[in-house]
Every structure is written in C-alpha cells, then in structure tokens.
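A.B. asks: Sharing structure-v8.txt (compact mmCIF, C-alpha atoms) below.
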```
# COMPACT_ATOMS: atom_id res chain seq x y z
CA MET A 1 17.68 -3.16 12.01
CA GLU A 2 14.15 -4.45 11.76
CA ARG A 3 13.72 -7.30 9.25
CA ILE A 4 11.02 -9.62 8.01
CA PRO A 5 12.14 -13.27 8.35
CA ILE A 6 12.49 -15.46 5.26
CA LEU A 7 12.06 -19.19 5.98
CA ARG A 8 13.26 -21.96 3.71
CA ILE A 9 10.98 -24.97 3.29
CA GLY A 10 12.48 -27.44 0.83
CA GLU A 11 12.66 -25.72 -2.53
CA PHE A 12 10.46 -22.85 -1.47
CA LEU A 13 10.87 -19.69 0.55
CA LEU A 14 8.14 -18.59 2.93
CA VAL A 15 7.64 -14.97 3.95
CA THR A 16 4.93 -14.00 6.40
CA ILE A 17 4.44 -10.28 6.80
CA GLN A 18 3.09 -9.65 10.27
CA VAL A 19 3.92 -6.02 10.90
CA ASP A 20 2.55 -2.75 9.60
CA MET A 21 5.37 -2.12 7.13
CA HIS A 22 7.00 1.24 6.75
CA ASP A 23 8.46 1.93 3.33
CA ARG A 24 12.08 1.11 4.07
CA LEU A 25 11.13 -2.23 5.60
CA ALA A 26 9.32 -3.12 2.37
CA LEU A 27 12.43 -2.26 0.34
CA THR A 28 14.65 -4.25 2.72
CA LEU A 29 12.41 -7.28 2.25
CA GLN A 30 12.71 -6.94 -1.52
CA ASP A 31 16.52 -6.95 -1.26
CA ASP A 32 16.68 -9.76 1.30
CA LEU A 33 14.37 -11.96 -0.71
CA THR A 34 16.33 -11.42 -3.91
CA ARG A 35 19.51 -12.46 -2.11
CA ALA A 36 17.80 -15.47 -0.53
CA ILE A 37 16.59 -16.72 -3.93
CA GLU A 38 20.09 -16.39 -5.33
CA LYS A 39 21.70 -18.08 -2.33
CA THR A 40 19.28 -20.99 -1.96
CA GLY A 41 18.31 -21.51 -5.59
CA ALA A 42 14.68 -21.60 -4.44
CA LYS A 43 12.15 -22.34 -7.17
CA GLY A 44 9.22 -20.68 -5.46
CA VAL A 45 8.31 -17.90 -3.04
CA LEU A 46 5.16 -17.91 -0.93
CA LEU A 47 4.32 -14.44 0.33
CA ASP A 48 1.70 -14.52 3.08
CA ILE A 49 0.00 -11.15 3.55
CA SER A 50 -2.97 -12.36 5.62
CA ALA A 51 -1.92 -10.17 8.54
CA LEU A 52 -1.76 -7.00 6.43
CA ASP A 53 -4.86 -4.87 7.01
CA MET A 54 -3.87 -2.46 4.28
CA VAL A 55 -1.95 -2.54 0.99
CA ASP A 56 -1.27 0.86 -0.52
CA SER A 57 0.44 1.64 -3.84
CA PHE A 58 3.89 1.42 -2.26
CA ILE A 59 3.38 -2.07 -0.83
CA GLY A 60 1.55 -3.10 -4.01
CA ARG A 61 4.52 -2.01 -6.06
CA MET A 62 6.82 -4.01 -3.81
CA LEU A 63 4.71 -7.13 -4.42
CA SER A 64 4.91 -6.59 -8.20
CA HIS A 65 8.66 -5.99 -8.06
CA ILE A 66 9.35 -9.08 -5.95
CA SER A 67 7.32 -11.15 -8.37
CA ALA A 68 9.17 -9.76 -11.39
CA ILE A 69 12.63 -10.11 -9.86
CA ALA A 70 11.94 -13.67 -8.69
CA SER A 71 10.72 -14.56 -12.15
CA ILE A 72 13.94 -13.34 -13.75
CA LEU A 73 15.81 -15.46 -11.20
CA SER A 74 13.69 -18.42 -12.32
CA ALA A 75 11.48 -18.61 -9.24
CA SER A 76 7.69 -18.37 -9.05
CA THR A 77 5.93 -16.10 -6.56
CA VAL A 78 2.47 -16.55 -5.11
CA VAL A 79 0.90 -13.93 -2.85
CA VAL A 80 -1.55 -15.58 -0.46
CA GLY A 81 -4.14 -14.64 2.14
CA MET A 82 -5.14 -11.16 1.01
CA GLN A 83 -8.02 -9.92 3.16
CA PRO A 84 -11.22 -9.23 1.15
CA ALA A 85 -11.37 -5.59 2.34
CA VAL A 86 -7.81 -5.12 1.10
CA ALA A 87 -8.67 -6.61 -2.31
CA ILE A 88 -11.72 -4.33 -2.67
CA THR A 89 -9.63 -1.28 -1.76
CA LEU A 90 -6.79 -2.20 -4.12
CA VAL A 91 -9.12 -2.38 -7.11
CA GLU A 92 -10.71 0.97 -6.23
CA LEU A 93 -7.26 2.48 -5.79
CA GLY A 94 -6.52 1.36 -9.35
CA LEU A 95 -3.88 -1.19 -8.44
CA GLU A 96 -4.59 -4.59 -9.87
CA LEU A 97 -1.15 -6.12 -9.31
CA PRO A 98 -0.36 -7.16 -12.89
CA GLY A 99 1.94 -10.16 -13.09
CA VAL A 100 1.37 -11.12 -9.46
CA LEU A 101 -0.04 -14.58 -8.95
CA THR A 102 -2.35 -14.93 -5.96
CA ALA A 103 -4.03 -17.75 -4.05
CA LEU A 104 -6.69 -17.68 -1.38
CA ASN A 105 -4.55 -19.31 1.31
CA ALA A 106 -1.12 -20.78 1.97
CA GLU A 107 -2.19 -24.35 1.18
CA ARG A 108 -3.51 -23.46 -2.27
CA GLY A 109 -0.52 -21.22 -2.85
CA MET A 110 1.85 -24.06 -2.11
CA ALA A 111 -0.08 -26.38 -4.46
CA LEU A 112 0.16 -23.73 -7.17
CA LEU A 113 3.92 -23.40 -6.70
CA ARG A 114 4.32 -27.20 -6.94
CA THR A 115 2.32 -27.31 -10.17
CA HIS A 116 4.48 -24.60 -11.67
CA MET A 117 7.64 -26.35 -10.55
CA ASP A 118 6.52 -29.64 -12.06
CA MET A 119 5.74 -27.89 -15.32
CA GLY A 120 9.14 -26.24 -15.24
CA VAL A 121 7.81 -22.73 -15.71
CA THR A 122 7.66 -19.72 -13.42
CA THR A 123 4.35 -18.11 -12.55
CA ASP A 124 4.50 -15.63 -15.40
CA GLY A 125 5.14 -18.38 -17.95
CA ARG A 126 8.89 -18.08 -18.33
CA ARG A 127 10.74 -21.32 -18.87
CA GLY A 128 12.71 -22.03 -15.75
CA GLY A 129 16.32 -22.74 -16.68
CA GLU A 130 18.48 -24.79 -14.35
CA MET B 131 -20.55 20.85 8.53
CA GLY B 132 -20.03 20.29 12.27
CA VAL B 133 -16.50 19.44 13.31
CA GLU B 134 -15.43 18.01 16.62
CA ALA B 135 -12.24 16.87 18.31
CA ALA B 136 -9.59 17.59 15.70
CA SER B 137 -6.22 16.06 16.42
CA ARG B 138 -2.93 16.69 14.68
CA LEU B 139 -0.07 14.40 13.72
CA GLU B 140 3.34 15.39 12.41
CA LEU B 141 4.46 13.80 9.14
CA GLY B 142 8.23 13.99 9.16
CA SER B 143 9.40 10.40 8.68
CA GLU B 144 8.36 7.07 7.17
CA GLN B 145 7.44 5.87 10.63
CA ASP B 146 4.97 8.78 10.83
CA ILE B 147 3.11 7.33 7.80
CA VAL B 148 2.59 4.13 9.79
CA ARG B 149 1.47 6.19 12.82
CA ALA B 150 -0.98 8.14 10.67
CA ARG B 151 -2.45 4.89 9.32
CA GLN B 152 -2.88 3.52 12.83
CA ALA B 153 -4.45 6.73 14.15
CA VAL B 154 -6.93 6.84 11.24
CA ARG B 155 -7.76 3.14 11.71
CA LYS B 156 -8.50 3.75 15.40
CA LEU B 157 -10.74 6.75 14.74
CA ALA B 158 -12.59 4.90 11.95
CA GLN B 159 -13.24 2.00 14.31
CA GLU B 160 -14.50 4.38 17.00
CA CYS B 161 -16.83 5.97 14.45
CA GLY B 162 -18.31 2.57 13.61
CA PHE B 163 -16.95 2.34 10.05
CA SER B 164 -17.24 -1.10 8.44
CA LEU B 165 -14.02 -3.01 7.77
CA VAL B 166 -14.09 -2.11 4.07
CA GLU B 167 -14.74 1.58 4.86
CA GLN B 168 -11.91 1.58 7.38
CA THR B 169 -9.53 -0.01 4.89
CA LYS B 170 -10.39 2.50 2.17
CA LEU B 171 -9.88 5.48 4.47
CA VAL B 172 -6.64 4.10 5.92
CA THR B 173 -5.27 3.38 2.43
CA ALA B 174 -6.16 6.89 1.22
CA ALA B 175 -4.47 8.32 4.34
CA SER B 176 -1.35 6.28 3.65
CA GLU B 177 -1.11 7.57 0.05
CA LEU B 178 -1.64 11.19 1.06
CA ALA B 179 0.69 11.02 4.06
CA ARG B 180 3.43 9.69 1.78
CA ASN B 181 2.80 12.53 -0.69
CA THR B 182 3.10 15.05 2.14
CA LEU B 183 6.38 13.49 3.25
CA ILE B 184 8.02 12.86 -0.13
CA HIS B 185 6.73 15.69 -2.32
CA GLY B 186 6.00 18.27 0.38
CA GLY B 187 9.12 17.61 2.43
CA GLY B 188 7.02 16.79 5.49
CA GLY B 189 4.04 18.46 7.11
CA HIS B 190 1.13 17.32 9.19
CA MET B 191 -2.21 15.56 9.15
CA THR B 192 -5.29 16.79 10.99
CA MET B 193 -8.14 14.37 11.59
CA ALA B 194 -11.60 15.08 12.91
CA ARG B 195 -15.08 13.64 13.15
CA VAL B 196 -17.53 15.63 11.08
CA GLU B 197 -21.30 15.80 11.01
CA GLU B 198 -23.70 17.10 8.40
CA GLY B 199 -27.41 16.69 9.04
CA VAL B 200 -27.97 13.06 9.88
CA ARG B 201 -24.76 11.71 8.41
CA TYR B 202 -21.35 11.68 9.96
CA GLY B 203 -17.86 10.80 8.91
CA ILE B 204 -14.17 11.55 9.17
CA ARG B 205 -12.27 14.42 7.65
CA LEU B 206 -8.53 14.25 7.06
CA VAL B 207 -6.41 17.24 6.08
CA PHE B 208 -2.83 16.84 4.82
CA GLU B 209 -0.78 20.00 4.74
CA ASP B 210 2.76 20.83 3.75
CA SER B 211 4.66 23.97 2.89
CA GLY B 212 6.67 22.32 0.13
CA PRO B 213 7.07 23.43 -3.50
CA GLY B 214 3.40 22.84 -4.38
CA ILE B 215 2.11 21.27 -7.58
CA PRO B 216 2.58 23.45 -10.68
CA ASP B 217 0.23 21.53 -12.97
CA LEU B 218 -2.65 20.14 -10.96
CA SER B 219 -4.60 18.64 -13.85
CA LEU B 220 -1.51 16.68 -14.86
CA ALA B 221 -0.97 15.51 -11.26
CA MET B 222 -4.59 14.35 -11.17
CA THR B 223 -4.06 12.07 -14.17
CA ASP B 224 -4.03 8.34 -13.41
CA GLY B 225 -0.56 6.93 -13.79
CA TRP B 226 1.24 10.25 -14.07
CA THR B 227 4.05 10.48 -11.56
CA SER B 228 6.65 13.08 -10.72
CA GLY B 229 8.80 10.55 -8.91
CA SER B 230 9.33 6.84 -8.87
CA GLY B 231 5.82 5.96 -7.70
CA LEU B 232 2.92 4.55 -9.62
CA GLY B 233 1.10 7.84 -9.94
CA LEU B 234 -1.89 6.61 -7.98
CA GLY B 235 -1.49 8.68 -4.81
CA LEU B 236 -3.79 11.59 -5.61
CA THR B 237 -6.18 9.95 -8.06
CA GLY B 238 -6.38 6.74 -6.04
CA SER B 239 -7.10 8.48 -2.76
CA LYS B 240 -9.71 10.63 -4.50
CA ARG B 241 -11.52 7.46 -5.57
CA LEU B 242 -11.30 6.06 -2.05
CA ALA B 243 -12.84 9.16 -0.43
CA SER B 244 -16.39 10.53 -0.53
CA GLU B 245 -15.12 14.09 -0.95
CA PHE B 246 -11.77 15.37 -2.13
CA ASP B 247 -10.34 18.87 -2.26
CA ILE B 248 -6.86 20.12 -3.08
CA VAL B 249 -5.37 23.59 -2.77
CA THR B 250 -1.91 23.99 -4.23
CA GLY B 251 0.26 26.06 -6.53
CA PRO B 252 3.94 26.77 -7.18
CA GLY B 253 5.59 27.90 -3.95
CA MET B 254 2.43 27.76 -1.85
CA GLY B 255 2.57 24.24 -0.47
CA THR B 256 -0.22 21.71 -0.77
CA ARG B 257 -3.33 21.05 1.27
CA VAL B 258 -5.43 18.00 0.53
CA THR B 259 -8.73 17.47 2.34
CA ILE B 260 -10.71 14.24 2.16
CA VAL B 261 -13.96 13.28 3.85
CA ARG B 262 -15.39 9.82 4.05
CA TRP B 263 -19.01 9.62 5.14
CA ARG B 264 -20.26 6.61 6.93
```
If you convert what's in this file into structure tokens, what do you get?
C.D. replies:
Amino acid sequence: MERIPILRIGEFLLVTIQVDMHDRLALTLQDDLTRAIEKTGAKGVLLDISALDMVDSFIGRMLSHISAIASILSASTVVVGMQPAVAITLVELGLELPGVLTALNAERGMALLRTHMDMGVTTDGRRGGE
Amino acid sequence: MGVEAASRLELGSEQDIVRARQAVRKLAQECGFSLVEQTKLVTAASELARNTLIHGGGGHMTMARVEEGVRYGIRLVFEDSGPGIPDLSLAMTDGWTSGSGLGLGLTGSKRLASEFDIVTGPGMGTRVTIVRWR
C-alpha cells in the first residue's frame, strides 16, 4: 500500500508530502502520524506541503485533524511551505485552517517548534504534560 | 458561447478525483491560465469531483475550452445519476453538510468559479457546470 514516509529527527517528526494525494492516502497519513507520535513520544511535527499544488477541503480538513490530534497527544504541529497560489485559493474556498500553525519554510517551522518545546506548550497553547 | 474539444473522464474512484485534477491542471496550463487561476479551477474541480463520487455514487466530468466574444476559458461539467439534492438552498449554505465533510464543496467551488450552475432534484441526479474565464 502506498504510504507517505514519516522521518524522525531528534524530538520531531518530519513529513514531506510529495505526491498528489488521493483521499485514502490522506487518511492513512493521519493514522500513521498519530501512531508515530505515540510510539516516539515526539514533541513536534513538521508537515512540509511545499510540493502540494492544491489543497482542497478534504486535505485542509486532514491538516486540521492532524494538528488537533497531535495537540491532544502533547505534540505541536507546524505546516510549512504552502505555495502562495494555494493560500489564496484556500481563503477563497472558505477554509482558513483554524488551529493550524503555519510557517513560511521548514527552517522557520523548526525554530517555531523549538520555541514551543522550550516553553513547554503545544502550538495551540495547551500545557504539554510529560 | 463557442465550445471546442470536449473530453470526458469517468469519476468512479478516489483515484479518478486525482486524475480529474491533473487533467484540469493540464488544460488550464494549455489555455495560458496564471498559476493562481489554475489552482482555483483545479481546487473547484477536486471539490465537485468528490461530490459526484461520494454523493452521486459516481459519474463523469466533461471539460472543454469555451469562447465568448474576445474572452475564453474552461468549462467543466460534473454529472451523476445519483439521488439528487432535495433542498438546494440548504446545500448551498456555507458549512452545511450532508456527510462528514466541511460543507464547502458546492459553495466553495462556486466562489472559485466565474460562473456556476446546478441542476438537481430528488431522483434526477445532479449536474454542476462551472466556467472560469481567463
């Protein structure tokens, strides 16, 4: 079965989406990532969508869900690299990704995750319990 | 409105939604759409193709270049012979959903298109037509 790889880098997980995702693949990623957070105890997830040339309501919902699930599991999520045309389209579609933290690129996203980790909170402000 | 070179794609699986997106992207590029225009049309196509598959039980998409006077664009038609939409004004409300979605499929794709038309009713299937002018 087709899968999107999840890489572990220290206390963070890195996911780079490089394929045009069909719906089931998006759901599989959500499940895999949830399991990976639980297994590794990762404190942060960096989701790189720079290769995605389109985000529709289904993929947008997946991003929101991943962010919410990770937060409950005491991990922060940052979505990085959204193409400007995708951002413009998302807003017009009416999808503003509430609760999803974003950064312009992977470097800034990583810095953001570190800051959150140092403060001991997840990206939506929950206190991260050990 | 002048129409040329219509092509038809079956929408019977999730993979077909991806194929529809790619076909629309290719046509939009050939028609000289800007990147933002391409992205809007492809996103609208993705929403409508998913509606056809999930709510209509599958169907097909027809895409064509259209011309009107000096302007030109792309017309996409999504057709299914599913149960149809009993209450269209409700379905066209932002955030209303019959399933587990966000309720942005119809309203969102309407905002992303230049023109939007829907013909539906109980037991008569659904046909959604969108045009995006360049």
A.B. asks: Nearest to Gly60 of chain A: which of A:Glu96, A:Asp48, A:Glu38, A:Glu107 is it, counting all atoms listed in the file?
C.D. replies: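 Smallest distance to Gly60 of chain A is found for A:Glu96.
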A.B. asks: Give me the residues within 9 Å of Asp217 of chain B as a list in words, counting all atoms listed in the file and dropping any in the same chain fewer than 3 places off.
C.D. replies: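 Near Asp217 of chain B, the qualifying residues are Leu220, Ala221, Met222, Gly251 and Pro252 of chain B.
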A.B. asks: Given 6 Å of margin on each side, can you work out the centre and size in Å (one decimal) of an axis-aligned box holding every listed atom of segment 25-38 of chain A, as AutoDock Vina command-line options?
C.D. replies:
```
--center_x 14.7 --center_y -9.5 --center_z 0.1 --size_x 22.8 --size_y 26.5 --size_z 22.9
```
A.B. asks: Go through B:Ser239, B:Ser137, B:Ser211, B:Gln152 and flag the residue nearest Gly186 of chain B, using all atoms listed in the file for the distances.
C.D. replies: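 The closest residue to Gly186 of chain B is B:Ser211.
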A.B. asks: Which residues of chain B are close to chain A, meaning at most 10 Å apart when you count only C-alpha atoms, and how do they look as a tab-separated table (two decimals) with C-alpha atoms, keeping the file's coordinate frame?
C.D. replies:
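In the end it all went to part_37.tsv:
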```tsv
chain	number	residue	atom	x	y	z
B	143	SER	CA	9.40	10.40	8.68
B	144	GLU	CA	8.36	7.07	7.17
B	145	GLN	CA	7.44	5.87	10.63
B	146	ASP	CA	4.97	8.78	10.83
B	147	ILE	CA	3.11	7.33	7.80
B	148	VAL	CA	2.59	4.13	9.79
B	149	ARG	CA	1.47	6.19	12.82
B	151	ARG	CA	-2.45	4.89	9.32
B	152	GLN	CA	-2.88	3.52	12.83
B	155	ARG	CA	-7.76	3.14	11.71
B	164	SER	CA	-17.24	-1.10	8.44
B	165	LEU	CA	-14.02	-3.01	7.77
B	166	VAL	CA	-14.09	-2.11	4.07
B	167	GLU	CA	-14.74	1.58	4.86
B	168	GLN	CA	-11.91	1.58	7.38
B	169	THR	CA	-9.53	-0.01	4.89
B	170	LYS	CA	-10.39	2.50	2.17
B	171	LEU	CA	-9.88	5.48	4.47
B	172	VAL	CA	-6.64	4.10	5.92
B	173	THR	CA	-5.27	3.38	2.43
B	174	ALA	CA	-6.16	6.89	1.22
B	175	ALA	CA	-4.47	8.32	4.34
B	176	SER	CA	-1.35	6.28	3.65
B	177	GLU	CA	-1.11	7.57	0.05
B	180	ARG	CA	3.43	9.69	1.78
B	224	ASP	CA	-4.03	8.34	-13.41
B	225	GLY	CA	-0.56	6.93	-13.79
B	231	GLY	CA	5.82	5.96	-7.70
B	232	LEU	CA	2.92	4.55	-9.62
B	233	GLY	CA	1.10	7.84	-9.94
B	234	LEU	CA	-1.89	6.61	-7.98
B	235	GLY	CA	-1.49	8.68	-4.81
B	236	LEU	CA	-3.79	11.59	-5.61
B	237	THR	CA	-6.18	9.95	-8.06
B	238	GLY	CA	-6.38	6.74	-6.04
B	239	SER	CA	-7.10	8.48	-2.76
B	240	LYS	CA	-9.71	10.63	-4.50
B	241	ARG	CA	-11.52	7.46	-5.57
B	242	LEU	CA	-11.30	6.06	-2.05
```
A.B. asks: Please, what distance in Å, to one decimal, runs between atom CA of Leu183 of chain B and atom CA of Ile4 of chain A?
C.D. replies: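 Taking atom CA of Leu183 of chain B as the start and atom CA of Ile4 of chain A as the end point, the length is 24.0 Å.
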A.B. asks: Missing atoms in segment 41-67 of chain A should be modelled up to N, CA and C atoms and reported as a short mmCIF file (atom, residue, chain, number, x, y, z; two decimals), in the frame of the given file.
C.D. replies:
```cif
data_model
loop_
_atom_site.label_atom_id
_atom_site.label_comp_id
_atom_site.auth_asym_id
_atom_site.auth_seq_id
_atom_site.Cartn_x
_atom_site.Cartn_y
_atom_site.Cartn_z
N GLY A 41 18.79 -20.94 -4.34
CA GLY A 41 18.31 -21.51 -5.59
C GLY A 41 16.85 -21.92 -5.50
N ALA A 42 16.10 -21.25 -4.63
CA ALA A 42 14.68 -21.60 -4.44
C ALA A 42 13.91 -21.46 -5.74
N LYS A 43 12.94 -22.37 -5.94
CA LYS A 43 12.15 -22.34 -7.17
C LYS A 43 10.81 -21.63 -6.96
N GLY A 44 10.50 -21.33 -5.72
CA GLY A 44 9.22 -20.68 -5.46
C GLY A 44 9.25 -19.83 -4.21
N VAL A 45 8.42 -18.77 -4.20
CA VAL A 45 8.31 -17.90 -3.04
C VAL A 45 6.83 -17.79 -2.67
N LEU A 46 6.52 -18.06 -1.41
CA LEU A 46 5.16 -17.91 -0.93
C LEU A 46 5.13 -16.69 -0.01
N LEU A 47 4.35 -15.71 -0.41
CA LEU A 47 4.32 -14.44 0.33
C LEU A 47 2.96 -14.34 1.03
N ASP A 48 2.96 -14.52 2.33
CA ASP A 48 1.70 -14.52 3.08
C ASP A 48 1.41 -13.12 3.62
N ILE A 49 0.33 -12.51 3.11
CA ILE A 49 0.00 -11.15 3.55
C ILE A 49 -1.32 -11.13 4.35
N SER A 50 -1.67 -12.28 4.92
CA SER A 50 -2.97 -12.36 5.62
C SER A 50 -3.04 -11.44 6.84
N ALA A 51 -1.89 -11.05 7.38
CA ALA A 51 -1.92 -10.17 8.54
C ALA A 51 -1.91 -8.69 8.15
N LEU A 52 -1.79 -8.41 6.85
CA LEU A 52 -1.76 -7.00 6.43
C LEU A 52 -3.19 -6.47 6.32
N ASP A 53 -3.50 -5.41 7.07
CA ASP A 53 -4.86 -4.87 7.01
C ASP A 53 -4.95 -3.72 6.00
N MET A 54 -3.87 -3.49 5.29
CA MET A 54 -3.87 -2.46 4.28
C MET A 54 -2.73 -2.68 3.29
N VAL A 55 -3.01 -2.54 2.00
CA VAL A 55 -1.95 -2.54 0.99
C VAL A 55 -2.13 -1.27 0.17
N ASP A 56 -1.18 -0.37 0.27
CA ASP A 56 -1.27 0.86 -0.52
C ASP A 56 -0.41 0.71 -1.77
N SER A 57 -0.27 1.78 -2.56
CA SER A 57 0.44 1.64 -3.84
C SER A 57 1.91 1.29 -3.63
N PHE A 58 2.47 1.72 -2.51
CA PHE A 58 3.89 1.42 -2.26
C PHE A 58 4.10 -0.08 -2.00
N ILE A 59 3.27 -0.64 -1.13
CA ILE A 59 3.38 -2.07 -0.83
C ILE A 59 2.99 -2.90 -2.06
N GLY A 60 1.97 -2.43 -2.79
CA GLY A 60 1.55 -3.10 -4.01
C GLY A 60 2.67 -3.17 -5.02
N ARG A 61 3.39 -2.05 -5.13
CA ARG A 61 4.52 -2.01 -6.06
C ARG A 61 5.62 -2.97 -5.63
N MET A 62 5.82 -3.06 -4.31
CA MET A 62 6.82 -4.01 -3.81
C MET A 62 6.44 -5.45 -4.19
N LEU A 63 5.16 -5.77 -4.07
CA LEU A 63 4.71 -7.13 -4.42
C LEU A 63 4.97 -7.41 -5.90
N SER A 64 4.66 -6.43 -6.75
CA SER A 64 4.91 -6.59 -8.20
C SER A 64 6.40 -6.75 -8.49
N HIS A 65 7.21 -5.93 -7.82
CA HIS A 65 8.66 -5.99 -8.06
C HIS A 65 9.24 -7.33 -7.63
N ILE A 66 8.84 -7.79 -6.44
CA ILE A 66 9.35 -9.08 -5.95
C ILE A 66 9.02 -10.18 -6.95
N SER A 67 7.77 -10.15 -7.43
CA SER A 67 7.32 -11.15 -8.37
C SER A 67 8.15 -11.12 -9.66
#
```
